[in-house]
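Written out below as structure tokens is the structure these notes cover.
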Amino acid sequence: MRYAWIAIALATACGRTEPAKPAACPPATPCPPVATPAPIVPPAPTPPAAADCAAPTGANPVQTEMRRLECALQQAVAAIGRDELPAIAHQLHVVHAAKEATAQAIAAGTWAPATGDVKAFVALDQAFHRELEALVEASMARDHAAAAAALGRTLGGCQGCHAAFRPAAPAPTAPAPAAAPHDHAH
Ligand code: HEC
């Protein structure tokens, strides 16, 4: 039964190349080579396509800014590893534009932090963006050490602002399951 299927498969395969002479290709004989296949050249490894950090949007200007910031800093890590530092500056321009939109919304009174004082928020935001500018300058200068240090300072600034100005996460509806004892021995 199995051989019958193979025979049919071979006959079908050969029939495709030589439709007029199926007898020239009996099932037991392998098909003659039709043409030398071109050598398969594996494609050169390409880096993952850079994300378009202008794409994410949120429910308000700050959420949009934050999503783009998160994207841009992920790209910054990739750019440091791939020695493409100027790409960092490009991504951070997107964040800067989003920050301008936030500033306009604050000035127009259409956005204010859920908690805390607006003026304190603006001061913290400006200090934070100065760190981002240092990151831009270091990346334009292709200065790896300075870019990595500025990236570290930038990441160090996230939680301080979130703790003061970010709306609290919604309370869990169900009690969280008891945490399993964590095994540090491995
Ligand atoms: C100057 C203040 C400030 C700084 C600095 C800041 N954030 Fe935020 N971030 C906020 C606020 C305010 C929100 C809440 C926005 C909302 O939900 O309306 C937020 C929300 C977020 C969110 C959630 C966005 C969403 O999808 O709802 C992410 C992700 C985030 N921040 C990332 C970061 C990262 C990463 C850094 C540091 C590199 C950072 N933020 C630094 C103020 C800040």
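As shown in the structure tokens, the chain order sets the letters A, B, ...; within each chain, residues go from 1, and ligands are also counted from 1 in the order they appear.
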Quick one: which chain A residues come within 9 Å of ligand 1, and what is the nearest atom pair for each with the distance in Å to one decimal, counting only C-alpha atoms and all ligand atoms, rows ordered by chain and ascending number, as JSON lines?
```
{"residue": "A:Pro56", "atom": "CA", "partner": "ligand 1", "partner_atom_place_in_ligand_line": "26 (O)", "distance": 9.0}
{"residue": "A:Thr57", "atom": "CA", "partner": "ligand 1", "partner_atom_place_in_ligand_line": "26 (O)", "distance": 8.3}
{"residue": "A:Gly58", "atom": "CA", "partner": "ligand 1", "partner_atom_place_in_ligand_line": "26 (O)", "distance": 6.2}
{"residue": "A:Ala59", "atom": "CA", "partner": "ligand 1", "partner_atom_place_in_ligand_line": "18 (O)", "distance": 7.3}
{"residue": "A:Asn60", "atom": "CA", "partner": "ligand 1", "partner_atom_place_in_ligand_line": "18 (O)", "distance": 6.1}
{"residue": "A:Pro61", "atom": "CA", "partner": "ligand 1", "partner_atom_place_in_ligand_line": "18 (O)", "distance": 7.9}
{"residue": "A:Val62", "atom": "CA", "partner": "ligand 1", "partner_atom_place_in_ligand_line": "15 (C)", "distance": 5.2}
{"residue": "A:Gln63", "atom": "CA", "partner": "ligand 1", "partner_atom_place_in_ligand_line": "24 (C)", "distance": 4.6}
{"residue": "A:Thr64", "atom": "CA", "partner": "ligand 1", "partner_atom_place_in_ligand_line": "24 (C)", "distance": 7.2}
{"residue": "A:Glu65", "atom": "CA", "partner": "ligand 1", "partner_atom_place_in_ligand_line": "8 (Fe)", "distance": 8.1}
{"residue": "A:Met66", "atom": "CA", "partner": "ligand 1", "partner_atom_place_in_ligand_line": "30 (C)", "distance": 4.6}
{"residue": "A:Arg67", "atom": "CA", "partner": "ligand 1", "partner_atom_place_in_ligand_line": "24 (C)", "distance": 5.5}
{"residue": "A:Arg68", "atom": "CA", "partner": "ligand 1", "partner_atom_place_in_ligand_line": "29 (C)", "distance": 8.6}
{"residue": "A:Leu69", "atom": "CA", "partner": "ligand 1", "partner_atom_place_in_ligand_line": "35 (C)", "distance": 6.3}
{"residue": "A:Glu70", "atom": "CA", "partner": "ligand 1", "partner_atom_place_in_ligand_line": "35 (C)", "distance": 4.7}
{"residue": "A:Cys71", "atom": "CA", "partner": "ligand 1", "partner_atom_place_in_ligand_line": "35 (C)", "distance": 8.4}
{"residue": "A:Leu73", "atom": "CA", "partner": "ligand 1", "partner_atom_place_in_ligand_line": "38 (C)", "distance": 7.0}
{"residue": "A:Gln74", "atom": "CA", "partner": "ligand 1", "partner_atom_place_in_ligand_line": "35 (C)", "distance": 8.9}
{"residue": "A:Trp111", "atom": "CA", "partner": "ligand 1", "partner_atom_place_in_ligand_line": "18 (O)", "distance": 8.6}
{"residue": "A:Ala112", "atom": "CA", "partner": "ligand 1", "partner_atom_place_in_ligand_line": "12 (C)", "distance": 8.4}
{"residue": "A:Pro113", "atom": "CA", "partner": "ligand 1", "partner_atom_place_in_ligand_line": "12 (C)", "distance": 5.5}
{"residue": "A:Ala114", "atom": "CA", "partner": "ligand 1", "partner_atom_place_in_ligand_line": "18 (O)", "distance": 7.1}
{"residue": "A:Thr115", "atom": "CA", "partner": "ligand 1", "partner_atom_place_in_ligand_line": "12 (C)", "distance": 8.4}
{"residue": "A:Ala120", "atom": "CA", "partner": "ligand 1", "partner_atom_place_in_ligand_line": "1 (C)", "distance": 8.8}
{"residue": "A:Phe121", "atom": "CA", "partner": "ligand 1", "partner_atom_place_in_ligand_line": "1 (C)", "distance": 5.7}
{"residue": "A:Val122", "atom": "CA", "partner": "ligand 1", "partner_atom_place_in_ligand_line": "1 (C)", "distance": 6.8}
{"residue": "A:Ala123", "atom": "CA", "partner": "ligand 1", "partner_atom_place_in_ligand_line": "1 (C)", "distance": 7.7}
{"residue": "A:Leu124", "atom": "CA", "partner": "ligand 1", "partner_atom_place_in_ligand_line": "1 (C)", "distance": 4.8}
{"residue": "A:Asp125", "atom": "CA", "partner": "ligand 1", "partner_atom_place_in_ligand_line": "1 (C)", "distance": 3.5}
{"residue": "A:Gln126", "atom": "CA", "partner": "ligand 1", "partner_atom_place_in_ligand_line": "1 (C)", "distance": 7.3}
{"residue": "A:Ala127", "atom": "CA", "partner": "ligand 1", "partner_atom_place_in_ligand_line": "1 (C)", "distance": 7.9}
{"residue": "A:Phe128", "atom": "CA", "partner": "ligand 1", "partner_atom_place_in_ligand_line": "5 (C)", "distance": 5.3}
{"residue": "A:His129", "atom": "CA", "partner": "ligand 1", "partner_atom_place_in_ligand_line": "5 (C)", "distance": 7.9}
{"residue": "A:Leu132", "atom": "CA", "partner": "ligand 1", "partner_atom_place_in_ligand_line": "38 (C)", "distance": 8.9}
{"residue": "A:Leu151", "atom": "CA", "partner": "ligand 1", "partner_atom_place_in_ligand_line": "38 (C)", "distance": 8.2}
{"residue": "A:Gly152", "atom": "CA", "partner": "ligand 1", "partner_atom_place_in_ligand_line": "38 (C)", "distance": 8.9}
{"residue": "A:Arg153", "atom": "CA", "partner": "ligand 1", "partner_atom_place_in_ligand_line": "38 (C)", "distance": 8.7}
{"residue": "A:Thr154", "atom": "CA", "partner": "ligand 1", "partner_atom_place_in_ligand_line": "38 (C)", "distance": 5.3}
{"residue": "A:Leu155", "atom": "CA", "partner": "ligand 1", "partner_atom_place_in_ligand_line": "38 (C)", "distance": 4.3}
{"residue": "A:Gly156", "atom": "CA", "partner": "ligand 1", "partner_atom_place_in_ligand_line": "37 (C)", "distance": 7.0}
{"residue": "A:Gly157", "atom": "CA", "partner": "ligand 1", "partner_atom_place_in_ligand_line": "5 (C)", "distance": 5.3}
{"residue": "A:Cys158", "atom": "CA", "partner": "ligand 1", "partner_atom_place_in_ligand_line": "37 (C)", "distance": 3.5}
{"residue": "A:Gln159", "atom": "CA", "partner": "ligand 1", "partner_atom_place_in_ligand_line": "41 (C)", "distance": 6.6}
{"residue": "A:Gly160", "atom": "CA", "partner": "ligand 1", "partner_atom_place_in_ligand_line": "5 (C)", "distance": 7.0}
{"residue": "A:Cys161", "atom": "CA", "partner": "ligand 1", "partner_atom_place_in_ligand_line": "2 (C)", "distance": 4.2}
{"residue": "A:His162", "atom": "CA", "partner": "ligand 1", "partner_atom_place_in_ligand_line": "42 (C)", "distance": 5.2}
{"residue": "A:Ala163", "atom": "CA", "partner": "ligand 1", "partner_atom_place_in_ligand_line": "42 (C)", "distance": 8.7}
{"residue": "A:Ala164", "atom": "CA", "partner": "ligand 1", "partner_atom_place_in_ligand_line": "2 (C)", "distance": 8.2}
{"residue": "A:Phe165", "atom": "CA", "partner": "ligand 1", "partner_atom_place_in_ligand_line": "12 (C)", "distance": 4.9}
{"residue": "A:Arg166", "atom": "CA", "partner": "ligand 1", "partner_atom_place_in_ligand_line": "12 (C)", "distance": 4.2}
{"residue": "A:Pro167", "atom": "CA", "partner": "ligand 1", "partner_atom_place_in_ligand_line": "14 (C)", "distance": 6.0}
{"residue": "A:Ala168", "atom": "CA", "partner": "ligand 1", "partner_atom_place_in_ligand_line": "14 (C)", "distance": 8.9}
```
Practice task
Mind listing the helix (DSSP H, G or I) residues of stretch 35-182 of chain A, per DSSP on the backbone, as a PyMOL selection string?
Solution key: chain A and resi 61-81+86-108+118-140+144-156+158-165
Separating atom CA of A:Ala149 from atom CA of A:Arg82, to the nearest tenth of an Å, is a gap of 16.8 Å
